[in-house]
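Novice: Let me give you the structure first, and then I'll get to my questions.
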Amino acid sequence: MEKTREVDISLLRGINKSISSRMSLSELMEKILEVAREIARAESSSLLLHDRETGDLIFDVVIGDSGEIITGERVPRGVGIAGRAAETRQSYIVNDPRNDGRFYGDIDLKSGFVTRNLIAVPMLMMDELVGVLEVVNSLNKEEGFTADDLEMARYVAEQAALALTNRMLHDDLRRRVDELSALYEISSSISRAGAHEDILQMLIESLASSMRVERASVMIYDTAKRKLEIKGAYGLPGTDFTVSDDSVSKRVFETGNPIIAADIKKNDADYPVNNGRRYRTFSFISMPLFYKSTVIGVLNLTDKVSGSPFDSFDLRVLTAAAVQIAEAYLGSLNRVRLEKQKQIERDMEIAAQVQRKFLKGMPETFGGCSIAAYNKPAKEIGGDFYDFFRFDDDRYGILIADISGKGIPAALFMGAVRNIIRAHKEVDFSPSAVLSKSNDSVYQESEYGMFVTVFYAVVDTAARTITYGSAGHNDQLLVRMDGSGVVSLGSRGKPLGIIPGVDYEQCTVSYCTGDMLVMYTDGVVECLGEKDLDIFAGEKRLAETAASFLNDSLDGFIRHLNDLARRSTIAEDHRDDFTVCAVRL
């Protein structure tokens with residue numbers, strides 16, 4: 001008896017040493033059961049952990065025959081000898097379970113195990129139930145379990161409750177630290193990524209490292225293509241494959257619910273596997289990416305480096321990470337768009353400065369005449385322009401033009417047309433020749449059906465004449481100083497760039513000192529025609545306004561037109577470029 005007692009004490013010392021060691025939780029439970037079986041001299045032993053949510057007892061670790069069969073099985077709350085021990089916090093010896101009404105025989109039926117006798121001892125830690133320790137089938141087949149066996153089992157249960165509680169608290173704390181560390185690494189990656197077009201690739205690599213997995217991917221739903229597309233991948237051979245309608249990712253995207261599988265081999269009907277890919281493990285987790293209650297994509301992880309299955313801890317981490325990744329991705333997209341918009345605005349401002357420089361070449365006087373001009377694009381930059389040329393001491397060229405369209409395309413086309421006209425007027429500055437030659441060149445340069453209307457006049461201050469031609473432009477105005485009225489200046493000719501080989505009419509009109517030549521684009525008469533865009537009413541109003549300023553300065557006339565334009569009732573999105581050039585002859 002003394003020798004047996006020495007063996008028991010040795011075993012108890014072994015469990016105390018195990019409890020103080022750095023064993024994993026599973027290793028610790030196996031050691032406890034091994035000691036319990038030896039001390040109680042039993043064939044088998046098991047730990048049933050308490051599920052606080054349901055009150056059930058769950059077979060977590062079993063030592064002995066058929067242990068792998070019943071591990072994970074549940075004993076409903078209050079059912080069986082173990083359930084009774086959990087509820088009453090009392091220990092029980094049952095040496096004849098078949099004749100005991102409390103005995104729960106379902107486990108024997110499922111496992112094929114035969115329970116001859118058992119001890120059930122509650123594991124308590126400060127009156128909190130941790131679980132139940134069972135030792136089953138005494139090796140002393142004649143006597144069964146004794147009070148000494150029960151006492152030894154109680155001691156093991158006490159030590160087990162302490163050890164398991166401490167280990168679970170330690171593991172829970174470690175998992176919490178791991179969770180925070182993973183989220184910190186992801187947050188750090190997000191802050192480093194900033195506004196980056198490849199942010200999802202950067203984040204999925206960081207996530208794979210933080211979660212310690214060998215394969216990961218992030219998919220985003222393309223609303224235009226109506227399909228999920230991989231935007232970032234880690235450990236995958238490629239990203240160019242179609243997401244099938246029965247895939248896990250498609251299901252997660254459509255339902256908005258995560259899927260976590262410990263072993264897809266057991267659920268291959270529910271979770272179809274792409275046989276073209278070779279996975280090292282059979283566990284995965286798939287998480288929807290939400291942004292403002294809308295699913296925008298899916299996160300997928302598989303093949304833990306450790307080989308273990310995904311669990312609730314991984315689900316918690318990935319749930320928190322998914323929120324950060326979705327916000328970071330859309331935030332990055334917005335920042336990239338903002339940067340592009342700012343670049344466009346900077347480019348527009350540069351283009352506007354270049355355009356304003358073009359339009360600064362107009363002199364204040366020439367050959368005894370005075371001149372003033374004004375241009376206001378409908379957008380940042382426009383397609384209207386005017387130009388001035390000096391041919392000799394008596395002859396001067398003035399033109400005004402209106403490019404089809406608005407914005408950057410019109411501004412670019414404007415620069416080309418301006419250079420073409422300037423080149424051809426060096427050969428022959430007469431309106432018919434300049435317009436005809438320029439038309440052929442503009443036709444060659446024109447793309448996307450763009451064209452330009454032009455009114456070009458040559459003022460001869462010695463002969464007191466205006467020779468002009470029009471390429472589809474509005475009739476311009478010559479306001480007589482003597483009060484005889486307004487002369488409409490128009491001639492036949494198509495806009496430049498529509499068809500080649502066009503001949504342009506050239507006309508000449510005489511002027512007197514004090515007459516005013518008013519050149520403008522259709523944006524002026526549309527604006528003066530108010531909300532109906534009545535160009536005829538606008539032309540009449542322009543002529544009346546010009547006549548009223550014959551004895552005033554040209555700058556005053558221009559300012560007055562600008563005031564009328566600002567007070568116009570035309571909606572901003574309907575306004576055209578506003579350009580006017582006035583010459584006091």
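Every chain in the structure tokens takes a letter, A first, then B, and so on in the order presented; its residues are numbered from 1, and the ligands are numbered from 1 following the presented order.
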Show me, as an MDAnalysis selection string, the residues that have an atom within 9 Å of Ala543 of chain A when counting only C-alpha atoms, minus same-chain residues fewer than 3 positions from it.

Specialist: chainID A and resid 477:479 486 518 538:540 546:548

Novice: Take the residues from that selection and write them out as an mmCIF file, in the first residue's frame, keeping all heavy atoms.

Specialist:
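Saved to part_27.cif:
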data_model
loop_
_atom_site.group_PDB
_atom_site.id
_atom_site.type_symbol
_atom_site.label_atom_id
_atom_site.label_comp_id
_atom_site.auth_asym_id
_atom_site.auth_seq_id
_atom_site.Cartn_x
_atom_site.Cartn_y
_atom_site.Cartn_z
ATOM 1 N N LEU A 477 -20.703 93.728 -87.013
ATOM 2 C CA LEU A 477 -21.400 95.015 -87.046
ATOM 3 C C LEU A 477 -20.433 96.171 -87.306
ATOM 4 O O LEU A 477 -19.345 96.227 -86.721
ATOM 5 C CB LEU A 477 -22.112 95.255 -85.705
ATOM 6 C CG LEU A 477 -23.092 94.168 -85.224
ATOM 7 C CD1 LEU A 477 -23.654 94.552 -83.864
ATOM 8 C CD2 LEU A 477 -24.214 93.969 -86.240
ATOM 9 N N LEU A 478 -20.874 97.097 -88.168
ATOM 10 C CA LEU A 478 -20.189 98.378 -88.355
ATOM 11 C C LEU A 478 -21.204 99.452 -87.993
ATOM 12 O O LEU A 478 -22.175 99.695 -88.712
ATOM 13 C CB LEU A 478 -19.711 98.554 -89.793
ATOM 14 C CG LEU A 478 -18.999 99.872 -90.098
ATOM 15 C CD1 LEU A 478 -17.716 100.011 -89.262
ATOM 16 C CD2 LEU A 478 -18.672 99.983 -91.589
ATOM 17 N N VAL A 479 -20.984 100.101 -86.858
ATOM 18 C CA VAL A 479 -21.924 101.104 -86.341
ATOM 19 C C VAL A 479 -21.478 102.478 -86.828
ATOM 20 O O VAL A 479 -20.349 102.917 -86.538
ATOM 21 C CB VAL A 479 -21.985 101.059 -84.803
ATOM 22 C CG1 VAL A 479 -23.039 102.043 -84.283
ATOM 23 C CG2 VAL A 479 -22.289 99.642 -84.317
ATOM 24 N N VAL A 486 -26.645 100.774 -88.585
ATOM 25 C CA VAL A 486 -25.665 99.698 -88.395
ATOM 26 C C VAL A 486 -25.579 98.873 -89.675
ATOM 27 O O VAL A 486 -26.603 98.464 -90.236
ATOM 28 C CB VAL A 486 -26.055 98.788 -87.218
ATOM 29 C CG1 VAL A 486 -25.053 97.645 -87.070
ATOM 30 C CG2 VAL A 486 -26.144 99.587 -85.920
ATOM 31 N N VAL A 518 -17.627 96.244 -84.549
ATOM 32 C CA VAL A 518 -17.864 95.345 -83.413
ATOM 33 C C VAL A 518 -17.788 93.898 -83.923
ATOM 34 O O VAL A 518 -18.594 93.478 -84.751
ATOM 35 C CB VAL A 518 -19.234 95.599 -82.758
ATOM 36 C CG1 VAL A 518 -19.433 94.635 -81.574
ATOM 37 C CG2 VAL A 518 -19.359 97.044 -82.290
ATOM 38 N N GLY A 538 -30.527 89.173 -79.359
ATOM 39 C CA GLY A 538 -29.201 89.503 -78.846
ATOM 40 C C GLY A 538 -28.434 90.412 -79.784
ATOM 41 O O GLY A 538 -27.746 91.349 -79.352
ATOM 42 N N GLU A 539 -28.539 90.162 -81.130
ATOM 43 C CA GLU A 539 -27.864 91.020 -82.110
ATOM 44 C C GLU A 539 -28.425 92.440 -82.073
ATOM 45 O O GLU A 539 -27.679 93.429 -82.154
ATOM 46 C CB GLU A 539 -28.021 90.424 -83.499
ATOM 47 C CG GLU A 539 -27.194 89.172 -83.726
ATOM 48 C CD GLU A 539 -27.463 88.526 -85.075
ATOM 49 O OE1 GLU A 539 -28.416 88.979 -85.755
ATOM 50 O OE2 GLU A 539 -26.748 87.593 -85.450
ATOM 51 N N LYS A 540 -29.749 92.539 -81.951
ATOM 52 C CA LYS A 540 -30.379 93.853 -81.885
ATOM 53 C C LYS A 540 -29.930 94.608 -80.645
ATOM 54 O O LYS A 540 -29.601 95.805 -80.707
ATOM 55 C CB LYS A 540 -31.892 93.681 -81.882
ATOM 56 C CG LYS A 540 -32.648 95.005 -81.842
ATOM 57 C CD LYS A 540 -34.158 94.770 -81.855
ATOM 58 C CE LYS A 540 -34.901 96.113 -81.791
ATOM 59 N NZ LYS A 540 -36.371 95.937 -81.749
ATOM 60 N N ALA A 546 -23.962 99.218 -78.733
ATOM 61 C CA ALA A 546 -22.784 99.793 -79.396
ATOM 62 C C ALA A 546 -23.074 101.223 -79.844
ATOM 63 O O ALA A 546 -22.214 102.118 -79.699
ATOM 64 C CB ALA A 546 -22.386 98.923 -80.579
ATOM 65 N N ALA A 547 -24.263 101.452 -80.402
ATOM 66 C CA ALA A 547 -24.626 102.801 -80.861
ATOM 67 C C ALA A 547 -24.655 103.789 -79.712
ATOM 68 O O ALA A 547 -24.301 104.973 -79.872
ATOM 69 C CB ALA A 547 -25.984 102.751 -81.561
ATOM 70 N N SER A 548 -25.059 103.314 -78.543
ATOM 71 C CA SER A 548 -25.144 104.211 -77.380
ATOM 72 C C SER A 548 -23.772 104.569 -76.821
ATOM 73 O O SER A 548 -23.650 105.485 -76.000
ATOM 74 C CB SER A 548 -26.003 103.561 -76.290
ATOM 75 O OG SER A 548 -25.359 102.432 -75.733
#

Novice: Identify, on the basis of only C-alpha atoms, every residue whose closest approach to Leu289 of chain A does not exceed 6 Å; exclude the query and any residue fewer than 6 positions from it along the same chain; express the result as an NGL selection string.

Specialist: :A and (295-298 or 322 or 326)

Novice: Would you put the residues from that selection into a file with all heavy atoms, as a PDB file, in the first residue's frame?

Specialist:
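selection_35.pdb written:
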ATOM      1  N   VAL A 295     -21.935  45.533 -49.623  1.00  0.00           N
ATOM      2  CA  VAL A 295     -20.816  44.617 -49.853  1.00  0.00           C
ATOM      3  C   VAL A 295     -20.100  45.047 -51.132  1.00  0.00           C
ATOM      4  O   VAL A 295     -20.712  45.127 -52.198  1.00  0.00           O
ATOM      5  CB  VAL A 295     -21.303  43.166 -49.991  1.00  0.00           C
ATOM      6  CG1 VAL A 295     -20.104  42.225 -50.141  1.00  0.00           C
ATOM      7  CG2 VAL A 295     -22.135  42.748 -48.790  1.00  0.00           C
ATOM      8  N   ILE A 296     -18.816  45.328 -51.017  1.00  0.00           N
ATOM      9  CA  ILE A 296     -18.038  45.772 -52.179  1.00  0.00           C
ATOM     10  C   ILE A 296     -17.040  44.719 -52.640  1.00  0.00           C
ATOM     11  O   ILE A 296     -16.455  44.851 -53.716  1.00  0.00           O
ATOM     12  CB  ILE A 296     -17.297  47.084 -51.886  1.00  0.00           C
ATOM     13  CG1 ILE A 296     -16.249  46.880 -50.777  1.00  0.00           C
ATOM     14  CG2 ILE A 296     -18.273  48.186 -51.519  1.00  0.00           C
ATOM     15  CD1 ILE A 296     -15.306  48.054 -50.616  1.00  0.00           C
ATOM     16  N   GLY A 297     -16.854  43.669 -51.838  1.00  0.00           N
ATOM     17  CA  GLY A 297     -15.888  42.657 -52.223  1.00  0.00           C
ATOM     18  C   GLY A 297     -15.796  41.546 -51.195  1.00  0.00           C
ATOM     19  O   GLY A 297     -16.639  41.428 -50.292  1.00  0.00           O
ATOM     20  N   VAL A 298     -14.738  40.731 -51.306  1.00  0.00           N
ATOM     21  CA  VAL A 298     -14.568  39.556 -50.448  1.00  0.00           C
ATOM     22  C   VAL A 298     -13.088  39.355 -50.128  1.00  0.00           C
ATOM     23  O   VAL A 298     -12.227  39.546 -50.996  1.00  0.00           O
ATOM     24  CB  VAL A 298     -15.111  38.279 -51.139  1.00  0.00           C
ATOM     25  CG1 VAL A 298     -14.905  37.060 -50.246  1.00  0.00           C
ATOM     26  CG2 VAL A 298     -16.581  38.434 -51.488  1.00  0.00           C
ATOM     27  N   ALA A 322     -11.319  43.600 -42.125  1.00  0.00           N
ATOM     28  CA  ALA A 322     -12.121  43.856 -43.325  1.00  0.00           C
ATOM     29  C   ALA A 322     -12.666  45.269 -43.343  1.00  0.00           C
ATOM     30  O   ALA A 322     -12.705  45.922 -44.390  1.00  0.00           O
ATOM     31  CB  ALA A 322     -13.263  42.841 -43.416  1.00  0.00           C
ATOM     32  N   ALA A 326     -11.611  47.878 -46.302  1.00  0.00           N
ATOM     33  CA  ALA A 326     -12.631  48.496 -47.166  1.00  0.00           C
ATOM     34  C   ALA A 326     -12.529  50.019 -47.118  1.00  0.00           C
ATOM     35  O   ALA A 326     -12.551  50.690 -48.158  1.00  0.00           O
ATOM     36  CB  ALA A 326     -14.024  48.047 -46.740  1.00  0.00           C
TER      37      ALA A 326
END

Novice: Mind giving me the straight-line distance from atom CA of Asp171 of chain A to atom CA of Leu48 of chain A in Å, one decimal?

Specialist: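 These atoms are spaced 18.6 Å apart.
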
Novice: Can you tell me which residues surround segment 579-583 of chain A at a distance of at most 7 Å, considering only C-alpha atoms, apart from same-chain residues fewer than 2 positions away, and format the answer as a PyMOL selection string?

Specialist: chain A and resi 369-376+384+516-521+524+554+577+585

Novice: Would you output that residue set with N, CA, C and O atoms, as a tab-separated table (two decimals), in the first residue's frame?

Specialist:
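Below you can see again02.tsv, which holds the result:
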chain	number	residue	atom	x	y	z
A	369	CYS	N	-6.36	104.34	-85.07
A	369	CYS	CA	-7.56	103.68	-84.55
A	369	CYS	C	-7.28	103.18	-83.12
A	369	CYS	O	-6.13	102.95	-82.75
A	370	SER	N	-8.33	102.99	-82.33
A	370	SER	CA	-8.20	102.39	-81.00
A	370	SER	C	-8.95	101.07	-80.99
A	370	SER	O	-9.91	100.86	-81.74
A	371	ILE	N	-8.51	100.17	-80.12
A	371	ILE	CA	-9.08	98.81	-80.11
A	371	ILE	C	-9.14	98.30	-78.67
A	371	ILE	O	-8.27	98.61	-77.85
A	372	ALA	N	-10.18	97.53	-78.36
A	372	ALA	CA	-10.33	96.90	-77.04
A	372	ALA	C	-10.99	95.53	-77.23
A	372	ALA	O	-11.84	95.37	-78.11
A	373	ALA	N	-10.60	94.57	-76.42
A	373	ALA	CA	-11.13	93.22	-76.57
A	373	ALA	C	-11.34	92.59	-75.20
A	373	ALA	O	-10.71	92.97	-74.21
A	374	TYR	N	-12.24	91.61	-75.17
A	374	TYR	CA	-12.56	90.92	-73.91
A	374	TYR	C	-12.92	89.47	-74.22
A	374	TYR	O	-13.63	89.19	-75.20
A	375	ASN	N	-12.43	88.56	-73.38
A	375	ASN	CA	-12.74	87.14	-73.56
A	375	ASN	C	-13.03	86.51	-72.20
A	375	ASN	O	-12.27	86.67	-71.24
A	376	LYS	N	-14.15	85.79	-72.11
A	376	LYS	CA	-14.50	85.05	-70.90
A	376	LYS	C	-14.93	83.64	-71.31
A	376	LYS	O	-16.03	83.45	-71.82
A	384	ASP	N	-12.80	80.29	-78.05
A	384	ASP	CA	-12.84	81.58	-78.74
A	384	ASP	C	-11.46	82.23	-78.70
A	384	ASP	O	-10.73	82.09	-77.70
A	516	MET	N	-17.65	102.52	-85.47
A	516	MET	CA	-17.19	101.45	-84.56
A	516	MET	C	-17.41	100.08	-85.22
A	516	MET	O	-18.54	99.75	-85.62
A	517	LEU	N	-16.33	99.30	-85.34
A	517	LEU	CA	-16.41	97.92	-85.82
A	517	LEU	C	-16.53	97.01	-84.60
A	517	LEU	O	-15.67	97.02	-83.71
A	518	VAL	N	-17.63	96.24	-84.55
A	518	VAL	CA	-17.86	95.34	-83.41
A	518	VAL	C	-17.79	93.90	-83.92
A	518	VAL	O	-18.59	93.48	-84.75
A	519	MET	N	-16.80	93.16	-83.42
A	519	MET	CA	-16.61	91.76	-83.79
A	519	MET	C	-16.88	90.91	-82.54
A	519	MET	O	-16.41	91.23	-81.44
A	520	TYR	N	-17.60	89.80	-82.71
A	520	TYR	CA	-18.04	89.04	-81.54
A	520	TYR	C	-18.28	87.57	-81.93
A	520	TYR	O	-18.33	87.22	-83.11
A	521	THR	N	-18.43	86.74	-80.93
A	521	THR	CA	-18.81	85.34	-81.15
A	521	THR	C	-20.26	85.13	-80.72
A	521	THR	O	-20.85	85.99	-80.06
A	524	VAL	N	-21.86	85.92	-77.23
A	524	VAL	CA	-22.27	87.27	-76.84
A	524	VAL	C	-23.76	87.49	-77.11
A	524	VAL	O	-24.52	87.90	-76.23
A	554	LEU	N	-14.03	102.82	-75.54
A	554	LEU	CA	-14.24	101.40	-75.85
A	554	LEU	C	-14.20	100.54	-74.58
A	554	LEU	O	-14.93	99.55	-74.47
A	577	ASP	N	-18.65	80.43	-74.66
A	577	ASP	CA	-17.56	81.41	-74.51
A	577	ASP	C	-18.07	82.79	-74.97
A	577	ASP	O	-18.80	82.91	-75.95
A	585	LEU	N	-12.73	103.49	-85.34
A	585	LEU	CA	-12.00	103.77	-86.58
A	585	LEU	C	-11.72	105.26	-86.72
A	585	LEU	O	-12.43	106.10	-86.13

Novice: Could you list, as a PyMOL selection string, every residue within 12 Å of Thr294 of chain A, counting only C-alpha atoms and ignoring same-chain residues fewer than 4 positions away?

Specialist: chain A and resi 221+253-256+288-290+298+323+326-327

Novice: Can you build me a table of segment 343-440 of chain A residues sitting at most 6 Å from segment 498-508 of chain A, with the closest atom pair per residue and its distance in Å to one decimal, using only C-alpha atoms, sorted by chain and residue number, as a Markdown table?

Specialist:
| residue | atom | partner | partner_atom | distance |
| --- | --- | --- | --- | --- |
| A:Ser432 | CA | A:Tyr504 | CA | 5.1 |
| A:Ser436 | CA | A:Asp503 | CA | 5.8 |
| A:Asp440 | CA | A:Pro500 | CA | 5.0 |

Novice: Please produce a file of the residues just selected, as a tab-separated table (two decimals), in the first residue's frame, where the atoms kept are N, CA and C atoms.

Specialist:
chain	number	residue	atom	x	y	z
A	432	SER	N	-9.88	86.25	-98.55
A	432	SER	CA	-10.26	85.06	-99.31
A	432	SER	C	-9.12	84.05	-99.37
A	436	SER	N	-9.18	80.41	-97.43
A	436	SER	CA	-9.15	79.23	-98.30
A	436	SER	C	-7.98	78.32	-97.97
A	440	ASP	N	-8.00	74.32	-95.86
A	440	ASP	CA	-7.41	73.03	-96.26
A	440	ASP	C	-6.49	72.48	-95.16

Novice: May I ask which of the residues A:Asp178, A:Asp515, A:Asp402, A:Glu530 is the closest one to Gly472 of chain A, counting only C-alpha atoms?

Specialist: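 Closest residue, counting only C-alpha atoms: A:Asp402.
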
Novice: I want to know what sits within 7 Å of Leu299 of chain A, based on only C-alpha atoms, with residues of the same chain fewer than 4 positions away left out; could you give that as a list in words?

Specialist: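 Selected residues are Ser217, Val218, Met219, Ser286, Met287, Pro288 and Leu289 of chain A.
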
Novice: What would the file look like if the residues just selected were written as an mmCIF file, in the first residue's frame with all heavy atoms?

Specialist:
data_model
loop_
_atom_site.group_PDB
_atom_site.id
_atom_site.type_symbol
_atom_site.label_atom_id
_atom_site.label_comp_id
_atom_site.auth_asym_id
_atom_site.auth_seq_id
_atom_site.Cartn_x
_atom_site.Cartn_y
_atom_site.Cartn_z
ATOM 1 N N SER A 217 -6.354 36.381 -50.717
ATOM 2 C CA SER A 217 -6.764 37.197 -51.865
ATOM 3 C C SER A 217 -7.843 38.171 -51.442
ATOM 4 O O SER A 217 -8.565 37.940 -50.463
ATOM 5 C CB SER A 217 -7.282 36.316 -53.018
ATOM 6 O OG SER A 217 -8.491 35.665 -52.651
ATOM 7 N N VAL A 218 -7.934 39.269 -52.176
ATOM 8 C CA VAL A 218 -9.015 40.231 -51.969
ATOM 9 C C VAL A 218 -9.662 40.473 -53.327
ATOM 10 O O VAL A 218 -8.985 40.722 -54.322
ATOM 11 C CB VAL A 218 -8.498 41.554 -51.346
ATOM 12 C CG1 VAL A 218 -7.383 42.177 -52.176
ATOM 13 C CG2 VAL A 218 -9.636 42.547 -51.170
ATOM 14 N N MET A 219 -10.992 40.353 -53.343
ATOM 15 C CA MET A 219 -11.761 40.545 -54.567
ATOM 16 C C MET A 219 -12.647 41.770 -54.416
ATOM 17 O O MET A 219 -13.220 42.004 -53.345
ATOM 18 C CB MET A 219 -12.634 39.316 -54.857
ATOM 19 C CG MET A 219 -11.869 38.034 -55.042
ATOM 20 S SD MET A 219 -13.007 36.638 -55.311
ATOM 21 C CE MET A 219 -11.841 35.318 -55.616
ATOM 22 N N SER A 286 -13.669 33.022 -45.440
ATOM 23 C CA SER A 286 -14.052 33.992 -46.475
ATOM 24 C C SER A 286 -14.923 35.059 -45.828
ATOM 25 O O SER A 286 -15.926 34.733 -45.185
ATOM 26 C CB SER A 286 -14.810 33.287 -47.605
ATOM 27 O OG SER A 286 -15.039 34.158 -48.688
ATOM 28 N N MET A 287 -14.534 36.306 -45.993
ATOM 29 C CA MET A 287 -15.165 37.418 -45.269
ATOM 30 C C MET A 287 -15.638 38.503 -46.238
ATOM 31 O O MET A 287 -14.877 38.930 -47.114
ATOM 32 C CB MET A 287 -14.136 38.014 -44.290
ATOM 33 C CG MET A 287 -14.555 39.308 -43.622
ATOM 34 S SD MET A 287 -15.895 39.103 -42.460
ATOM 35 C CE MET A 287 -15.157 37.953 -41.306
ATOM 36 N N PRO A 288 -16.894 38.973 -46.115
ATOM 37 C CA PRO A 288 -17.359 40.065 -46.982
ATOM 38 C C PRO A 288 -16.720 41.393 -46.603
ATOM 39 O O PRO A 288 -16.440 41.642 -45.425
ATOM 40 C CB PRO A 288 -18.877 40.096 -46.731
ATOM 41 C CG PRO A 288 -19.034 39.549 -45.347
ATOM 42 C CD PRO A 288 -17.955 38.529 -45.182
ATOM 43 N N LEU A 289 -16.462 42.227 -47.601
ATOM 44 C CA LEU A 289 -15.965 43.583 -47.381
ATOM 45 C C LEU A 289 -17.156 44.536 -47.475
ATOM 46 O O LEU A 289 -17.780 44.644 -48.525
ATOM 47 C CB LEU A 289 -14.925 43.962 -48.433
ATOM 48 C CG LEU A 289 -13.522 43.398 -48.289
ATOM 49 C CD1 LEU A 289 -12.688 43.802 -49.496
ATOM 50 C CD2 LEU A 289 -12.861 43.884 -47.017
#

Novice: Hey, can you check how far atom CA of Arg492 of chain A sits from atom CA of Ala457 of chain A?

Specialist: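 Between atom CA of Arg492 of chain A and atom CA of Ala457 of chain A the gap works out to 14.0 Å.
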
Novice: Just to confirm, what's the straight-line distance from atom CA of His560 of chain A to atom CA of Gly529 of chain A in Å (one decimal)?

Specialist: 15.4 Å

Novice: Output as a ChimeraX atom specification all residues of segment 272-510 of chain A that backbone DSSP marks as helix (DSSP H, G or I).

Specialist: /A:312-358,407-425,431-445
